[in-house]
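Peer 1: The structure follows.
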Amino acid sequence: MSKATGTGDAGVQPRKKGLTRRQRRRLSRGAQYVLFVAVVIVFAVTADWGRLQNQFAQADIAGQMFPDVITLALRNTVLYTLSGFAVGLVLGIVLALMRLSSVGPYRWVAGVYIEIFRGLPALLIFIFIGVAVPLAFPGTEIVGGTYGKAALALGLVGAAYMAETFRAGIQAVPKGQMEAARSLGFSPARAMVSIVVPQAFRIILPPLTNEFVQLFKDSSLVLILGVTLEERELSKFGRDLASTTANSTPILVAGLCYLLVTIPLGFVVRRMEAKAQEAVK
């Protein structure tokens with residue numbers, strides 16, 4: 001009996017110990033850090049920093065851009081974006097309500113608009129506003145000149161995305177809110193405008209801010225409409241000076257001006273999303 005037991009013990013092979021999941025994860029993370037540091041070192045060593053500085057970081061050329069880059073170019077960029085966002089906001093709400101309507105033609109029209117304008121590049125929308133509209137309606141002038149055309153083009157682009165955002169926000173509001181409003185004697189339209197839409201706004205505020213950032217960058221396409229010196233936005237302003245000075249410093253400065261707006265807005269969006277997640281918890 002004891003002999004059999006001894007034979008059985010001798011036949012048991014010791015289990016080989018491998019890396020645990022945590023150890024493998026740490027090893028993988030360490031390898032990624034090493035790879036990242038190696039890529040940075042290679043880039044830092046091989047890049048010709050002198051030529052980059054001469055082409056993109058000339059302090060005297062950057063100084064020539066101020067204060068016009070702020071008081072003219074950045075101001076126009078913000079005006080184009082705000083006006084386009086306002087047009088897109090109003091049109092987006094209308095399209096969202098049409099998409100949710102019980103009337104079939106309203107849903108079809110809104111659906112076709114959203115699919116078309118979400119699928120087309122913003123560049124083509126600007127070309128359509130700047131070229132096709134004057135050809136289709138000779139002698140017709142869009143109110144506001146270049147500012148009006150830019151607001152319309154940016155609004156048409158943004159409305160398709162905002163409409164879907166609004167639709168999702170409205171559908172996220174509990175149905176009990178509408179039922180409670182109806183029980184208090186509200187009409188469906190009044191309940192939607194007074195009760196549902198304000199709550200939807202709070203839900204969709206972060207994605208709406210992201211849409212504003214996108215329109216802010218799309219405002220660089222305004223140059224397609226043909227702008228005067230006083231109507232130039234950041235991209236056009238930077239490109240004109242880059243051509244004049246034969247140097248790319250103005251383009252870099254224009255890019256930094258974009259970041260002055262987009263980075264703070266991105267931080268605001270992250271804070272709003274974090275607060276929304278805390279509210280859900």
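Naming scheme: A, B, ... for chains in displayed order of the structure tokens; residues 1 onward per chain; ligands 1 onward as shown.
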Do a neighbour search on Phe267 in chain A at 12 Å with only C-alpha atoms, toss out local chain neighbours closer than 5 positions, and write the hits as a ChimeraX atom specification.
Peer 2: /A:206,209-210,213,259-262,272-274
Peer 1: Could you give me, as JSON lines, a per-residue list for range 144-260 of chain A showing, wherever an atom lies at most 12 Å from an atom of range 115-130 of chain A, the closest pair of atoms and their distance in Å to one decimal, using only C-alpha atoms and sorting by chain then residue number from low to high?
Peer 2:
```
{"residue": "A:Gly145", "atom": "CA", "partner": "A:Gly130", "partner_atom": "CA", "distance": 10.7}
{"residue": "A:Thr146", "atom": "CA", "partner": "A:Gly130", "partner_atom": "CA", "distance": 9.2}
{"residue": "A:Tyr147", "atom": "CA", "partner": "A:Gly130", "partner_atom": "CA", "distance": 11.9}
{"residue": "A:Gly148", "atom": "CA", "partner": "A:Ile129", "partner_atom": "CA", "distance": 10.3}
{"residue": "A:Lys149", "atom": "CA", "partner": "A:Ile129", "partner_atom": "CA", "distance": 6.7}
{"residue": "A:Ala150", "atom": "CA", "partner": "A:Phe126", "partner_atom": "CA", "distance": 7.8}
{"residue": "A:Ala151", "atom": "CA", "partner": "A:Phe126", "partner_atom": "CA", "distance": 10.3}
{"residue": "A:Leu152", "atom": "CA", "partner": "A:Ile129", "partner_atom": "CA", "distance": 7.9}
{"residue": "A:Ala153", "atom": "CA", "partner": "A:Phe126", "partner_atom": "CA", "distance": 5.6}
{"residue": "A:Leu154", "atom": "CA", "partner": "A:Ala122", "partner_atom": "CA", "distance": 8.0}
{"residue": "A:Gly155", "atom": "CA", "partner": "A:Ile125", "partner_atom": "CA", "distance": 10.2}
{"residue": "A:Leu156", "atom": "CA", "partner": "A:Phe117", "partner_atom": "CA", "distance": 7.3}
{"residue": "A:Val157", "atom": "CA", "partner": "A:Phe117", "partner_atom": "CA", "distance": 6.2}
{"residue": "A:Gly158", "atom": "CA", "partner": "A:Arg118", "partner_atom": "CA", "distance": 8.7}
{"residue": "A:Ala159", "atom": "CA", "partner": "A:Phe117", "partner_atom": "CA", "distance": 8.5}
{"residue": "A:Ala160", "atom": "CA", "partner": "A:Arg118", "partner_atom": "CA", "distance": 5.9}
{"residue": "A:Tyr161", "atom": "CA", "partner": "A:Arg118", "partner_atom": "CA", "distance": 6.8}
{"residue": "A:Met162", "atom": "CA", "partner": "A:Arg118", "partner_atom": "CA", "distance": 10.3}
{"residue": "A:Ala163", "atom": "CA", "partner": "A:Arg118", "partner_atom": "CA", "distance": 10.5}
{"residue": "A:Glu164", "atom": "CA", "partner": "A:Arg118", "partner_atom": "CA", "distance": 10.1}
{"residue": "A:Gln214", "atom": "CA", "partner": "A:Ala122", "partner_atom": "CA", "distance": 10.9}
{"residue": "A:Leu215", "atom": "CA", "partner": "A:Ala122", "partner_atom": "CA", "distance": 9.8}
{"residue": "A:Lys217", "atom": "CA", "partner": "A:Ala122", "partner_atom": "CA", "distance": 10.9}
{"residue": "A:Asp218", "atom": "CA", "partner": "A:Ala122", "partner_atom": "CA", "distance": 7.4}
{"residue": "A:Ser219", "atom": "CA", "partner": "A:Ala122", "partner_atom": "CA", "distance": 9.7}
{"residue": "A:Ser220", "atom": "CA", "partner": "A:Leu123", "partner_atom": "CA", "distance": 9.9}
{"residue": "A:Leu221", "atom": "CA", "partner": "A:Leu123", "partner_atom": "CA", "distance": 6.6}
{"residue": "A:Val222", "atom": "CA", "partner": "A:Phe126", "partner_atom": "CA", "distance": 7.3}
{"residue": "A:Leu223", "atom": "CA", "partner": "A:Phe126", "partner_atom": "CA", "distance": 9.3}
{"residue": "A:Ile224", "atom": "CA", "partner": "A:Phe126", "partner_atom": "CA", "distance": 6.8}
{"residue": "A:Leu225", "atom": "CA", "partner": "A:Gly130", "partner_atom": "CA", "distance": 5.2}
{"residue": "A:Gly226", "atom": "CA", "partner": "A:Gly130", "partner_atom": "CA", "distance": 8.2}
{"residue": "A:Val227", "atom": "CA", "partner": "A:Gly130", "partner_atom": "CA", "distance": 11.1}
```
Peer 1: With a distance cut-off of 8 Å and only C-alpha atoms, select the neighbouring residues of Arg167 in chain A, excluding the residue or stretch itself and same-chain residues fewer than 3 positions from it, and output the selection as a VMD selection string.
Peer 2: chain A and resid 96 to 97 99 to 100 163 to 164 170 to 171
Peer 1: Which parts of range 12-258 of chain A does DSSP call alpha helix (DSSP H) when run on the backbone here, written out as an NGL selection string?
Peer 2: :A and (21-46 or 49-56 or 59-64 or 68 or 75-99 or 104-119 or 122-127 or 133-136 or 145-172 or 175-183 or 188-191 or 197-218 or 234-245 or 249-258)
Peer 1: Residues near range 232-235 of chain A, anyone? I mean within 9 Å using only C-alpha atoms, not counting same-chain ones fewer than 4 positions away, as a VMD selection string.
Peer 2: chain A and resid 69 to 70 72 to 78 80 219 to 223 227 to 228 239 to 240 251 254 to 255 257 to 258
Peer 1: Tell me, in Å to one decimal, how far CA of Leu91 in chain A is from CA of Val133 in chain A.
Peer 2: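 Calculated distance between CA of Leu91 in chain A and CA of Val133 in chain A is 18.9 Å.
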Peer 1: Can you tell me which residues surround Ala242 in chain A at a distance of at most 10 Å, considering only C-alpha atoms, apart from same-chain residues fewer than 6 positions away, and format the answer as a PDB file with N, CA and C atoms, in the first residue's frame?
Peer 2:
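File part25.pdb, as written:
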```
ATOM      1  N   PHE A  56       9.426  78.003 -38.955  1.00  0.00           N
ATOM      2  CA  PHE A  56       8.171  78.066 -38.206  1.00  0.00           C
ATOM      3  C   PHE A  56       8.215  78.937 -36.957  1.00  0.00           C
ATOM      4  N   ILE A  61       8.655  87.834 -37.325  1.00  0.00           N
ATOM      5  CA  ILE A  61       7.478  87.660 -38.199  1.00  0.00           C
ATOM      6  C   ILE A  61       6.223  87.463 -37.356  1.00  0.00           C
ATOM      7  N   LYS A 236      -6.992  82.006 -43.413  1.00  0.00           N
ATOM      8  CA  LYS A 236      -6.707  82.905 -44.530  1.00  0.00           C
ATOM      9  C   LYS A 236      -5.676  83.948 -44.140  1.00  0.00           C
ATOM     10  N   SER A 248       6.661  80.030 -42.770  1.00  0.00           N
ATOM     11  CA  SER A 248       5.477  79.361 -42.238  1.00  0.00           C
ATOM     12  C   SER A 248       5.138  79.754 -40.803  1.00  0.00           C
ATOM     13  N   THR A 249       5.857  80.716 -40.257  1.00  0.00           N
ATOM     14  CA  THR A 249       5.565  81.154 -38.886  1.00  0.00           C
ATOM     15  C   THR A 249       4.124  81.635 -38.721  1.00  0.00           C
ATOM     16  N   PRO A 250       3.575  82.422 -39.670  1.00  0.00           N
ATOM     17  CA  PRO A 250       2.175  82.858 -39.504  1.00  0.00           C
ATOM     18  C   PRO A 250       1.185  81.694 -39.411  1.00  0.00           C
ATOM     19  N   ILE A 251       1.466  80.590 -40.111  1.00  0.00           N
ATOM     20  CA  ILE A 251       0.568  79.438 -40.038  1.00  0.00           C
ATOM     21  C   ILE A 251       0.617  78.820 -38.642  1.00  0.00           C
ATOM     22  N   LEU A 252       1.813  78.747 -38.068  1.00  0.00           N
ATOM     23  CA  LEU A 252       1.950  78.216 -36.715  1.00  0.00           C
ATOM     24  C   LEU A 252       1.219  79.097 -35.707  1.00  0.00           C
TER      25      LEU A 252
END
```
Peer 1: Give me the residues near range 178-186 of chain A as a PyMOL selection string, where near means some atom within 9 Å (using only C-alpha atoms) and where sequence neighbours in that chain fewer than 5 positions away do not count.
Peer 2: chain A and resi 173+191-192+195-196
Peer 1: Between CA of Ile114 in chain A and CA of Arg190 in chain A, what is the spacing in Å?
Peer 2: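 Computing the Euclidean distance for CA of Arg190 in chain A and CA of Ile114 in chain A yields 25.2 Å.
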Peer 1: Which residues come within 12 Å of Met98 in chain A, counting only C-alpha atoms, excluding same-chain residues fewer than 6 positions away, as a PyMOL selection string?
Peer 2: chain A and resi 91-92+104-114+163-164+166-167
Peer 1: What does the file look like for those residues with N, CA, C and O atoms, as a PDB file, in the first residue's frame?
Peer 2:
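Once written, out.pdb looks like this:
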```
ATOM      1  N   LEU A  91     -32.066  75.346 -36.784  1.00  0.00           N
ATOM      2  CA  LEU A  91     -32.442  74.374 -37.806  1.00  0.00           C
ATOM      3  C   LEU A  91     -32.364  72.947 -37.266  1.00  0.00           C
ATOM      4  O   LEU A  91     -33.198  72.091 -37.605  1.00  0.00           O
ATOM      5  N   GLY A  92     -31.388  72.682 -36.417  1.00  0.00           N
ATOM      6  CA  GLY A  92     -31.251  71.351 -35.841  1.00  0.00           C
ATOM      7  C   GLY A  92     -32.428  70.981 -34.956  1.00  0.00           C
ATOM      8  O   GLY A  92     -32.894  69.829 -34.980  1.00  0.00           O
ATOM      9  N   GLY A 104     -45.684  61.519 -41.493  1.00  0.00           N
ATOM     10  CA  GLY A 104     -44.700  60.842 -42.331  1.00  0.00           C
ATOM     11  C   GLY A 104     -43.830  61.754 -43.173  1.00  0.00           C
ATOM     12  O   GLY A 104     -42.602  61.642 -43.142  1.00  0.00           O
ATOM     13  N   PRO A 105     -44.409  62.692 -43.953  1.00  0.00           N
ATOM     14  CA  PRO A 105     -43.575  63.565 -44.795  1.00  0.00           C
ATOM     15  C   PRO A 105     -42.544  64.369 -44.006  1.00  0.00           C
ATOM     16  O   PRO A 105     -41.437  64.596 -44.498  1.00  0.00           O
ATOM     17  N   TYR A 106     -42.898  64.802 -42.798  1.00  0.00           N
ATOM     18  CA  TYR A 106     -41.930  65.527 -41.975  1.00  0.00           C
ATOM     19  C   TYR A 106     -40.725  64.635 -41.667  1.00  0.00           C
ATOM     20  O   TYR A 106     -39.575  65.069 -41.759  1.00  0.00           O
ATOM     21  N   ARG A 107     -40.998  63.388 -41.275  1.00  0.00           N
ATOM     22  CA  ARG A 107     -39.904  62.473 -40.948  1.00  0.00           C
ATOM     23  C   ARG A 107     -39.036  62.197 -42.167  1.00  0.00           C
ATOM     24  O   ARG A 107     -37.816  62.141 -42.071  1.00  0.00           O
ATOM     25  N   TRP A 108     -39.669  62.034 -43.329  1.00  0.00           N
ATOM     26  CA  TRP A 108     -38.912  61.729 -44.538  1.00  0.00           C
ATOM     27  C   TRP A 108     -38.014  62.894 -44.950  1.00  0.00           C
ATOM     28  O   TRP A 108     -36.847  62.697 -45.294  1.00  0.00           O
ATOM     29  N   VAL A 109     -38.585  64.109 -44.916  1.00  0.00           N
ATOM     30  CA  VAL A 109     -37.795  65.290 -45.297  1.00  0.00           C
ATOM     31  C   VAL A 109     -36.614  65.459 -44.354  1.00  0.00           C
ATOM     32  O   VAL A 109     -35.466  65.687 -44.790  1.00  0.00           O
ATOM     33  N   ALA A 110     -36.854  65.348 -43.049  1.00  0.00           N
ATOM     34  CA  ALA A 110     -35.770  65.504 -42.084  1.00  0.00           C
ATOM     35  C   ALA A 110     -34.725  64.402 -42.256  1.00  0.00           C
ATOM     36  O   ALA A 110     -33.520  64.667 -42.204  1.00  0.00           O
ATOM     37  N   GLY A 111     -35.175  63.174 -42.487  1.00  0.00           N
ATOM     38  CA  GLY A 111     -34.235  62.072 -42.659  1.00  0.00           C
ATOM     39  C   GLY A 111     -33.362  62.241 -43.889  1.00  0.00           C
ATOM     40  O   GLY A 111     -32.149  62.008 -43.840  1.00  0.00           O
ATOM     41  N   VAL A 112     -33.956  62.660 -45.000  1.00  0.00           N
ATOM     42  CA  VAL A 112     -33.198  62.875 -46.229  1.00  0.00           C
ATOM     43  C   VAL A 112     -32.175  63.997 -46.042  1.00  0.00           C
ATOM     44  O   VAL A 112     -31.007  63.875 -46.444  1.00  0.00           O
ATOM     45  N   TYR A 113     -32.609  65.099 -45.422  1.00  0.00           N
ATOM     46  CA  TYR A 113     -31.690  66.228 -45.181  1.00  0.00           C
ATOM     47  C   TYR A 113     -30.499  65.764 -44.342  1.00  0.00           C
ATOM     48  O   TYR A 113     -29.339  66.049 -44.677  1.00  0.00           O
ATOM     49  N   ILE A 114     -30.782  65.076 -43.239  1.00  0.00           N
ATOM     50  CA  ILE A 114     -29.716  64.667 -42.324  1.00  0.00           C
ATOM     51  C   ILE A 114     -28.735  63.730 -43.014  1.00  0.00           C
ATOM     52  O   ILE A 114     -27.509  63.883 -42.887  1.00  0.00           O
ATOM     53  N   ALA A 163     -29.173  67.972 -35.225  1.00  0.00           N
ATOM     54  CA  ALA A 163     -30.509  67.372 -35.240  1.00  0.00           C
ATOM     55  C   ALA A 163     -30.484  65.987 -34.611  1.00  0.00           C
ATOM     56  O   ALA A 163     -31.357  65.635 -33.803  1.00  0.00           O
ATOM     57  N   GLU A 164     -29.487  65.180 -34.969  1.00  0.00           N
ATOM     58  CA  GLU A 164     -29.385  63.846 -34.390  1.00  0.00           C
ATOM     59  C   GLU A 164     -29.052  63.917 -32.904  1.00  0.00           C
ATOM     60  O   GLU A 164     -29.522  63.096 -32.100  1.00  0.00           O
ATOM     61  N   PHE A 166     -29.977  66.381 -30.877  1.00  0.00           N
ATOM     62  CA  PHE A 166     -31.218  66.781 -30.226  1.00  0.00           C
ATOM     63  C   PHE A 166     -32.193  65.615 -30.145  1.00  0.00           C
ATOM     64  O   PHE A 166     -32.860  65.415 -29.120  1.00  0.00           O
ATOM     65  N   ARG A 167     -32.291  64.855 -31.210  1.00  0.00           N
ATOM     66  CA  ARG A 167     -33.216  63.720 -31.214  1.00  0.00           C
ATOM     67  C   ARG A 167     -32.851  62.732 -30.111  1.00  0.00           C
ATOM     68  O   ARG A 167     -33.722  62.242 -29.373  1.00  0.00           O
TER      69      ARG A 167
END
```
Peer 1: Between A:Val197, A:Ala47, A:Ile142, A:Val269, which residue has the minimum interatomic distance to Glu211 in chain A, considering only C-alpha atoms?
Peer 2: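 With only C-alpha atoms as the atom set, the closest residue is A:Val269.
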